[in-house]
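A.B. asks: The structure file work-v3.txt (compact mmCIF, C-alpha atoms) is provided below.
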# COMPACT_ATOMS: atom_id res chain seq x y z
CA MET C 1 18.58 11.10 26.99
CA THR C 2 18.97 14.56 25.55
CA ARG C 3 16.37 17.20 26.26
CA GLN C 4 15.24 16.91 22.65
CA ALA C 5 14.62 13.18 23.03
CA VAL C 6 12.64 13.76 26.23
CA ALA C 7 10.49 16.35 24.45
CA ARG C 8 9.95 13.98 21.54
CA TRP C 9 8.85 11.08 23.73
CA ALA C 10 6.60 13.40 25.72
CA ALA C 11 4.94 14.45 22.47
CA PHE C 12 4.53 10.82 21.40
CA GLY C 13 3.03 10.04 24.80
CA GLY C 14 0.55 12.91 24.46
CA ILE C 15 -0.50 11.71 21.02
CA ALA C 16 -0.87 8.14 22.27
CA LEU C 17 -3.10 9.42 25.07
CA PHE C 18 -5.20 11.29 22.51
CA GLY C 19 -5.59 8.09 20.50
CA LEU C 20 -6.55 6.12 23.59
CA LEU C 21 -9.07 8.73 24.73
CA SER C 22 -10.57 8.79 21.23
CA PHE C 23 -11.42 5.12 21.64
CA VAL C 24 -12.74 5.53 25.16
CA LEU C 25 -14.86 8.60 24.32
CA ASP C 26 -15.71 7.30 20.86
CA PHE C 27 -14.31 10.38 19.07
CA ARG C 28 -14.47 9.20 15.46
CA PRO C 29 -11.69 11.19 13.69
CA GLY C 30 -9.23 10.36 16.46
CA ARG C 31 -10.29 6.74 16.44
CA GLU C 32 -9.80 6.41 12.70
CA MET C 33 -6.40 8.09 12.73
CA ALA C 34 -5.29 5.81 15.56
CA ALA C 35 -6.52 2.78 13.65
CA ASN C 36 -4.58 3.99 10.57
CA PHE C 37 -1.47 4.41 12.67
CA LEU C 38 -1.70 0.98 14.25
CA ALA C 39 -2.32 -0.72 10.91
CA PHE C 40 0.70 0.97 9.29
CA ALA C 41 2.93 0.34 12.32
CA GLY C 42 1.96 -3.34 12.26
CA GLU C 43 2.84 -3.63 8.57
CA MET C 44 6.19 -2.03 9.23
CA LEU C 45 7.07 -4.20 12.19
CA LYS C 46 6.41 -7.30 10.09
CA VAL C 47 9.08 -6.25 7.59
CA LEU C 48 11.70 -4.19 9.38
CA PRO C 49 13.46 -6.80 11.56
CA TRP C 50 14.28 -8.90 8.48
CA VAL C 51 15.55 -5.91 6.55
CA PHE C 52 17.84 -4.89 9.38
CA LEU C 53 19.23 -8.41 9.74
CA LEU C 54 20.12 -8.35 6.04
CA ILE C 55 21.75 -4.96 6.44
CA GLY C 56 23.80 -6.25 9.38
CA LEU C 57 25.00 -9.28 7.42
CA PHE C 58 25.92 -7.09 4.49
CA GLU C 59 27.99 -4.75 6.64
CA VAL C 60 29.89 -7.58 8.27
CA TRP C 61 30.76 -9.42 5.07
CA VAL C 62 31.43 -6.72 2.46
CA LYS C 63 34.48 -4.55 2.88
CA PRO C 64 34.56 -1.32 0.81
CA GLU C 65 38.38 -1.31 0.75
CA THR C 66 38.60 -4.47 -1.38
CA VAL C 67 36.25 -2.90 -3.90
CA GLU C 68 38.11 0.40 -4.13
CA ARG C 69 41.23 -1.31 -5.43
CA HIS C 70 39.53 -2.27 -8.69
CA MET C 71 38.50 1.09 -10.04
CA GLY C 72 41.54 2.56 -11.81
CA GLU C 73 41.60 4.63 -15.00
CA LYS C 74 42.01 1.57 -17.24
CA ALA C 75 39.56 -0.73 -15.51
CA GLY C 76 36.99 -0.33 -18.31
CA LEU C 77 33.57 -1.87 -17.89
CA ARG C 78 34.86 -3.81 -14.88
CA GLY C 79 35.65 -0.52 -13.18
CA HIS C 80 32.01 0.46 -13.63
CA LEU C 81 30.89 -2.84 -12.16
CA TRP C 82 33.09 -2.35 -9.10
CA ALA C 83 31.90 1.24 -8.78
CA SER C 84 28.30 0.00 -8.71
CA LEU C 85 29.20 -2.58 -6.07
CA LEU C 86 30.98 0.00 -3.96
CA ALA C 87 27.95 2.26 -4.34
CA GLY C 88 25.86 -0.59 -2.94
CA THR C 89 27.84 -0.38 0.29
CA THR C 90 27.50 3.39 0.64
CA VAL C 91 25.48 4.46 3.63
CA GLY C 92 23.64 7.75 3.47
CA GLY C 93 22.96 9.60 0.29
CA LEU C 94 24.77 11.95 -2.03
CA LEU C 95 26.28 13.90 0.84
CA VAL C 96 28.32 10.83 1.76
CA ALA C 97 28.90 9.74 -1.83
CA LEU C 98 30.42 13.07 -2.96
CA PRO C 99 33.45 13.02 -0.63
CA VAL C 100 33.94 9.31 -1.38
CA ALA C 101 33.80 10.09 -5.11
CA TYR C 102 36.38 12.80 -4.65
CA SER C 103 38.71 10.47 -2.76
CA LEU C 104 38.25 7.82 -5.47
CA ARG C 105 39.21 10.41 -8.07
CA THR C 106 42.34 11.38 -6.16
CA LYS C 107 43.21 7.69 -5.83
CA GLY C 108 43.20 7.35 -9.60
CA ALA C 109 39.68 6.31 -10.59
CA GLY C 110 38.60 7.53 -14.04
CA LEU C 111 36.02 10.33 -14.34
CA ALA C 112 33.46 8.05 -15.99
CA VAL C 113 33.82 5.52 -13.17
CA VAL C 114 33.45 8.29 -10.59
CA PHE C 115 30.20 9.41 -12.23
CA THR C 116 28.96 5.82 -12.26
CA TYR C 117 29.74 5.64 -8.56
CA LEU C 118 27.82 8.86 -7.87
CA GLY C 119 24.85 7.78 -9.97
CA ALA C 120 24.82 4.24 -8.66
CA SER C 121 25.07 5.33 -5.03
CA ALA C 122 21.55 6.70 -5.52
CA ILE C 123 20.14 3.48 -6.95
CA THR C 124 22.07 0.38 -5.78
CA ARG C 125 22.43 0.99 -2.06
CA ILE C 126 21.67 -2.39 -0.53
CA PRO C 127 19.80 -1.27 2.60
CA MET C 128 17.63 1.03 0.49
CA THR C 129 16.93 -1.68 -2.07
CA ALA C 130 16.01 -4.08 0.73
CA PHE C 131 13.39 -1.59 1.90
CA GLU C 132 12.16 -1.07 -1.61
CA ALA C 133 11.78 -4.79 -2.29
CA SER C 134 10.02 -5.30 1.03
CA PHE C 135 7.37 -2.67 0.40
CA LEU C 136 7.01 -2.66 -3.39
CA GLY C 137 8.05 -6.22 -4.20
CA LEU C 138 11.18 -7.88 -5.54
CA ARG C 139 9.95 -7.59 -9.13
CA PHE C 140 9.70 -3.82 -8.83
CA SER C 141 13.26 -3.58 -7.46
CA LEU C 142 14.64 -5.81 -10.19
CA VAL C 143 12.98 -3.84 -12.98
CA ARG C 144 14.18 -0.59 -11.45
CA LEU C 145 17.77 -1.85 -11.05
CA LEU C 146 18.02 -3.54 -14.44
CA VAL C 147 16.72 -0.47 -16.25
CA SER C 148 18.48 2.28 -14.32
CA LEU C 149 21.95 0.80 -13.77
CA PRO C 150 22.88 0.33 -17.47
CA LEU C 151 21.56 3.83 -18.20
CA VAL C 152 23.66 5.26 -15.38
CA VAL C 153 26.79 3.49 -16.69
CA LEU C 154 26.16 4.62 -20.28
CA SER C 155 25.45 8.23 -19.37
CA SER C 156 28.49 8.28 -17.06
CA MET C 157 30.70 7.01 -19.87
CA ALA C 158 29.43 9.76 -22.15
CA LEU C 159 29.74 12.43 -19.48
CA GLY C 160 33.19 11.18 -18.44
CA ALA C 161 34.51 11.13 -22.01
CA TYR C 162 33.13 14.60 -22.74
CA LEU C 163 34.50 16.15 -19.56
CA THR C 164 37.89 14.42 -19.77
CA LYS C 165 38.35 15.92 -23.21
CA ARG C 166 37.60 19.36 -21.80
CA GLY C 167 40.07 18.92 -18.93
CA PHE C 168 37.41 18.94 -16.19
CA GLN C 169 38.76 19.06 -12.64
CA MET C 170 36.76 17.78 -9.72
CA ARG C 171 37.04 19.91 -6.61
CA GLY C 172 37.26 18.77 -3.01
CA GLU C 173 35.28 20.20 -0.12
CA ALA C 174 35.46 23.96 -0.58
CA MET F 1 4.98 -12.17 1.73
CA TYR F 2 7.12 -15.08 2.88
CA GLU F 3 10.09 -14.32 0.60
CA LEU F 4 11.75 -11.84 2.92
CA PRO F 5 11.80 -13.95 6.09
CA LEU F 6 12.91 -16.98 4.07
CA LEU F 7 15.67 -15.06 2.31
CA THR F 8 16.89 -13.60 5.60
CA ALA F 9 16.83 -16.98 7.32
CA ALA F 10 18.82 -18.55 4.47
CA ALA F 11 21.36 -15.71 4.52
CA LEU F 12 21.72 -16.04 8.29
CA LEU F 13 22.27 -19.79 8.01
CA VAL F 14 24.95 -19.45 5.31
CA SER F 15 26.62 -16.68 7.25
CA PHE F 16 26.54 -18.71 10.45
CA LEU F 17 28.20 -21.65 8.75
CA ALA F 18 30.85 -19.36 7.25
CA GLY F 19 31.62 -17.51 10.45
CA ARG F 20 29.90 -17.69 13.80
CA GLU F 21 31.53 -14.58 15.26
CA LYS F 22 30.77 -12.38 12.26
CA THR F 23 27.16 -13.51 12.19
CA LEU F 24 26.68 -12.62 15.84
CA ARG F 25 28.22 -9.23 15.13
CA ALA F 26 25.79 -8.76 12.23
CA VAL F 27 22.84 -9.54 14.49
CA ARG F 28 24.10 -7.06 17.07
CA ILE F 29 24.52 -4.37 14.39
CA ALA F 30 20.99 -5.11 13.16
CA ALA F 31 19.48 -4.86 16.64
CA LYS F 32 21.30 -1.61 17.41
CA ARG F 33 20.30 0.02 14.13
CA PHE F 34 16.72 -1.15 14.48
CA VAL F 35 16.30 0.29 17.95
CA ALA F 36 18.01 3.54 16.94
CA ILE F 37 15.76 4.05 13.94
CA LEU F 38 12.38 3.15 15.48
CA PRO F 39 11.65 6.57 17.00
CA ARG F 40 12.22 8.14 13.59
CA PHE F 41 9.38 6.07 12.15
CA ILE F 42 6.80 7.29 14.59
CA PRO F 43 6.50 10.88 13.25
CA MET F 44 6.23 9.55 9.69
CA LEU F 45 3.50 7.08 10.64
CA LEU F 46 1.63 9.75 12.61
CA LEU F 47 1.81 12.17 9.72
CA VAL F 48 0.62 9.58 7.22
CA ALA F 49 -2.17 8.43 9.53
CA VAL F 50 -3.45 11.99 9.92
CA VAL F 51 -2.97 13.05 6.30
CA LEU F 52 -4.66 9.96 4.90
CA TYR F 53 -7.61 10.61 7.18
CA LEU F 54 -7.90 14.27 6.19
CA VAL F 55 -7.17 13.92 2.47
CA PRO F 56 -10.06 12.25 0.69
CA GLU F 57 -9.28 9.33 -1.59
CA ARG F 58 -10.39 11.22 -4.67
CA VAL F 59 -7.68 13.85 -4.15
CA ILE F 60 -5.02 11.13 -3.97
CA ALA F 61 -6.61 9.63 -7.06
CA ARG F 62 -6.45 12.89 -8.96
CA TYR F 63 -2.84 13.81 -8.15
CA LEU F 64 -1.22 10.40 -7.88
CA GLY F 65 -2.41 8.83 -11.05
CA THR F 66 -5.34 6.55 -10.33
CA GLU F 67 -7.34 8.72 -12.74
CA ASN F 68 -4.70 10.08 -15.09
CA LEU F 69 -1.49 8.06 -15.08
CA TRP F 70 0.65 10.62 -16.91
CA ALA F 71 -0.41 13.52 -14.74
CA GLY F 72 0.43 11.35 -11.75
CA VAL F 73 3.87 10.46 -13.13
CA LEU F 74 4.64 14.12 -13.83
CA PHE F 75 3.46 15.29 -10.42
CA ALA F 76 5.23 12.43 -8.59
CA SER F 77 8.54 12.97 -10.41
CA LEU F 78 8.55 16.69 -9.62
CA LEU F 79 7.63 15.96 -6.02
CA GLY F 80 10.41 13.35 -5.79
CA SER F 81 12.96 15.75 -7.24
CA VAL F 82 12.40 18.47 -4.67
CA SER F 83 11.82 16.25 -1.61
CA VAL F 84 14.41 14.91 0.77
CA MET F 85 13.49 11.71 2.56
CA PRO F 86 15.59 8.72 3.62
CA GLY F 87 14.76 5.41 1.94
CA PHE F 88 13.65 3.79 5.17
CA ILE F 89 10.82 6.33 5.28
CA ALA F 90 10.13 6.74 1.58
CA PHE F 91 9.54 3.08 0.76
CA PRO F 92 7.19 2.30 3.64
CA LEU F 93 5.27 5.39 2.51
CA CYS F 94 5.22 4.00 -1.05
CA GLY F 95 3.88 0.72 0.36
CA ILE F 96 1.04 2.58 2.07
CA LEU F 97 0.21 4.51 -1.12
CA LEU F 98 0.33 1.28 -3.14
CA ALA F 99 -2.27 -0.20 -0.81
CA LYS F 100 -4.37 2.94 -1.46
CA GLY F 101 -4.35 2.11 -5.17
CA VAL F 102 -1.56 4.39 -6.41
CA PRO F 103 -0.04 2.74 -9.52
CA TYR F 104 3.47 1.25 -9.53
CA THR F 105 4.36 3.57 -12.41
CA VAL F 106 3.72 6.65 -10.29
CA LEU F 107 5.56 5.19 -7.29
CA ALA F 108 8.54 4.39 -9.53
CA ALA F 109 8.63 7.99 -10.76
CA PHE F 110 8.42 9.27 -7.20
CA SER F 111 10.93 6.94 -5.55
CA THR F 112 13.49 7.07 -8.36
CA THR F 113 13.54 10.87 -8.64
CA LEU F 114 13.60 11.04 -4.86
CA MET F 115 16.80 8.98 -4.81
CA THR F 116 18.54 10.29 -7.92
CA VAL F 117 17.52 13.92 -8.42
CA GLY F 118 18.50 16.29 -5.66
CA VAL F 119 17.35 19.88 -5.94
CA VAL F 120 17.99 20.47 -2.25
CA SER F 121 21.44 18.86 -2.30
CA ALA F 122 22.45 20.69 -5.51
CA PRO F 123 24.40 23.45 -3.72
CA VAL F 124 26.65 20.84 -2.09
CA GLU F 125 27.02 18.94 -5.35
CA MET F 126 28.05 22.18 -7.06
CA LYS F 127 30.95 22.56 -4.64
CA TYR F 128 32.41 19.36 -6.02
CA LEU F 129 31.27 19.40 -9.63
CA GLY F 130 30.40 22.97 -10.52
CA LEU F 131 27.07 24.30 -11.77
CA LYS F 132 27.13 22.88 -15.27
CA VAL F 133 27.98 19.29 -14.40
CA THR F 134 25.50 19.33 -11.51
CA LEU F 135 22.73 20.43 -13.86
CA LEU F 136 23.76 17.85 -16.47
CA ARG F 137 23.91 15.03 -13.94
CA ASN F 138 20.55 15.82 -12.37
CA GLY F 139 18.92 16.36 -15.75
CA VAL F 140 20.13 12.98 -16.96
CA SER F 141 18.99 11.39 -13.68
CA PHE F 142 15.50 12.86 -14.17
CA LEU F 143 15.29 11.37 -17.67
CA ILE F 144 16.50 7.99 -16.39
CA ALA F 145 13.83 8.10 -13.67
CA LEU F 146 11.12 8.71 -16.29
CA ILE F 147 12.42 5.77 -18.36
CA VAL F 148 12.37 3.59 -15.22
CA ALA F 149 8.75 4.63 -14.56
CA LEU F 150 7.87 3.80 -18.16
CA ALA F 151 9.51 0.37 -17.93
CA VAL F 152 7.78 -0.37 -14.62
CA GLY F 153 4.47 0.71 -16.13
CA LEU F 154 4.89 -1.57 -19.12
CA ILE F 155 6.03 -4.57 -17.10
CA PHE F 156 3.33 -4.19 -14.45
CA GLY F 157 0.73 -3.81 -17.18
CA GLU F 158 -0.37 -0.33 -16.13
CA ILE F 159 0.44 1.22 -19.48
CA PRO F 160 -1.68 -0.28 -22.22
CA ARG F 161 0.54 -1.71 -24.94
Taking this structure as input, can you express it in the form of structure tokens?
C.D. replies:
Amino acid sequence: MTRQAVARWAAFGGIALFGLLSFVLDFRPGREMAANFLAFAGEMLKVLPWVFLLIGLFEVWVKPETVERHMGEKAGLRGHLWASLLAGTTVGGLLVALPVAYSLRTKGAGLAVVFTYLGASAITRIPMTAFEASFLGLRFSLVRLLVSLPLVVLSSMALGAYLTKRGFQMRGEA
Amino acid sequence: MYELPLLTAAALLVSFLAGREKTLRAVRIAAKRFVAILPRFIPMLLLVAVVLYLVPERVIARYLGTENLWAGVLFASLLGSVSVMPGFIAFPLCGILLAKGVPYTVLAAFSTTLMTVGVVSAPVEMKYLGLKVTLLRNGVSFLIALIVALAVGLIFGEIPR
């Protein structure tokens, strides 16, 4: 363990002791906060193992490389579909998606498709959506996806067409 | 809430029939990730436990839309735009707020701007796309997030038709 991890666990231990003492000494604010914490932690532990199993399965079965091959300049609407799928496999946020988008561009993906990828990486990531559906319900996730994804594709097409006409160049890591 | 365990069990079964080795690898990945991420939940849960004790319900009601839905949507979307929070923390937090009576519409505005609009990450985005395209992209994302919130509000019956 790093020194940071030791410090963190020591802090957790101290807080746990505070919670325990609050119960023993009947200190009301401490007791209520501890009860809050335990209730939330319980809720989370009921959901998380399932979410992580789904994430594991997804990582084992979906290979990003197969998706990347379908995103060329002339791929049309299909290219956007593949870009959204690839975005679903992206781990981490925009900071990961930007370099990937740049490499897609250099590999011949159209600007519009690249923008779809960037936009979709914020909304279709599978692990994230699994969390969302677990805590806000599947219906919420479906509404969110079905409304936002078409809008992302449409706005990316518009943005891509506009910027292609103006000879826009995407830059790599400066 | 039986859908999630059932879905996961079904997926595991299909995966196991399709490939035993891969499925075991998936389970190992899941276990490793789960253990690695657990300590990162504790500070969030502590913070929420303390804040929800200290902040009275009526303050949450005023700012997060139980009283005025539109004020809540506006506040939540601005908050989501400037915050940085991984999904595995943001959505459990949304679940807690939902249980406190915060409307779906407001949570949609918050979570969608949180994921799609990045004020903090804008400097990095500008390195790749330049100032103008970064502004355009984030502006469009903000509008899309508001439309999503609107759609969620209509479908969940929180916005009177």
A.B. asks: For chain C, which of F:Ala90, F:Leu131, F:Ala26, F:Val102 is the closest residue, counting all atoms listed in the file?
C.D. replies: F:Ala26
A.B. asks: Show me which bits of chain F are within 7 Å of chain C, counting all atoms listed in the file, as a list in words.
C.D. replies: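 Here is what falls inside 7 Å: Leu4, Pro5, Thr8, Lys22, Thr23, Ala26, Val27, Ile29, Ala30, Phe34, Leu45, Leu46, Ala49, Val50, Tyr53, Gly87, Phe88, Phe91, Pro92, Gly95, Met115, Thr116, Lys127, Tyr128, Leu129, Ile144, Val148 and Val152 of chain F.
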A.B. asks: What does the distance from atom CA of C:Lys107 to atom CA of C:Gly79 come to in Å, to one decimal?
C.D. replies: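 If I compute the distance from atom CA of C:Lys107 to atom CA of C:Gly79, I get 13.4 Å.
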A.B. asks: If I take atom CA of F:Phe142 and atom CA of F:Thr66, how far is one from the other in Å, to one decimal?
C.D. replies: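 Atom-to-atom, atom CA of F:Phe142 and atom CA of F:Thr66 are spaced 22.1 Å apart.
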A.B. asks: Determine the nearest neighbour of C:Ala158 from the options F:Arg137, F:Lys132, F:Arg25, F:Arg62, counting all atoms listed in the file.
C.D. replies: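 Of F:Arg137, F:Lys132, F:Arg25, F:Arg62, the one nearest C:Ala158 is F:Arg137, counting all atoms listed in the file.
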A.B. asks: Could you pull the residues within 9 Å of F:Ala122, counting all atoms listed in the file, minus those fewer than 4 positions along the same chain, as a list in words?
C.D. replies: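 Once the adjacent positions are removed, what remains is Val117, Gly118, Met126, Lys127, Leu131, Thr134, Leu135 and Asn138 of chain F.
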A.B. asks: Show which residues sit within 8 Å of stretch 164-167 of chain C, as a PyMOL selection string. Count only C-alpha atoms, and ignore same-chain residues fewer than 3 positions away.
C.D. replies: chain C and resi 111+160-161
A.B. asks: To one decimal place in Å, what is the distance between atom CA of F:Val124 and atom CA of F:Arg40?
C.D. replies: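 Here the two named atoms are 24.8 Å from each other.
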A.B. asks: Here is a test: counting all atoms listed in the file, which residue of C:Gln4, C:Thr124, C:Ser22, C:Thr116 is nearest to C:Leu77?
C.D. replies: C:Thr116
A.B. asks: So that I can check the surroundings of F:Leu79, please list as a list of chain:residue names every protein, DNA and RNA residue that reaches within 7 Å of it, counting only C-alpha atoms and ignoring chain neighbours fewer than 4 positions away.
C.D. replies: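 In the requested form, the answer reads F:Phe75, F:Ser83, F:Phe110.
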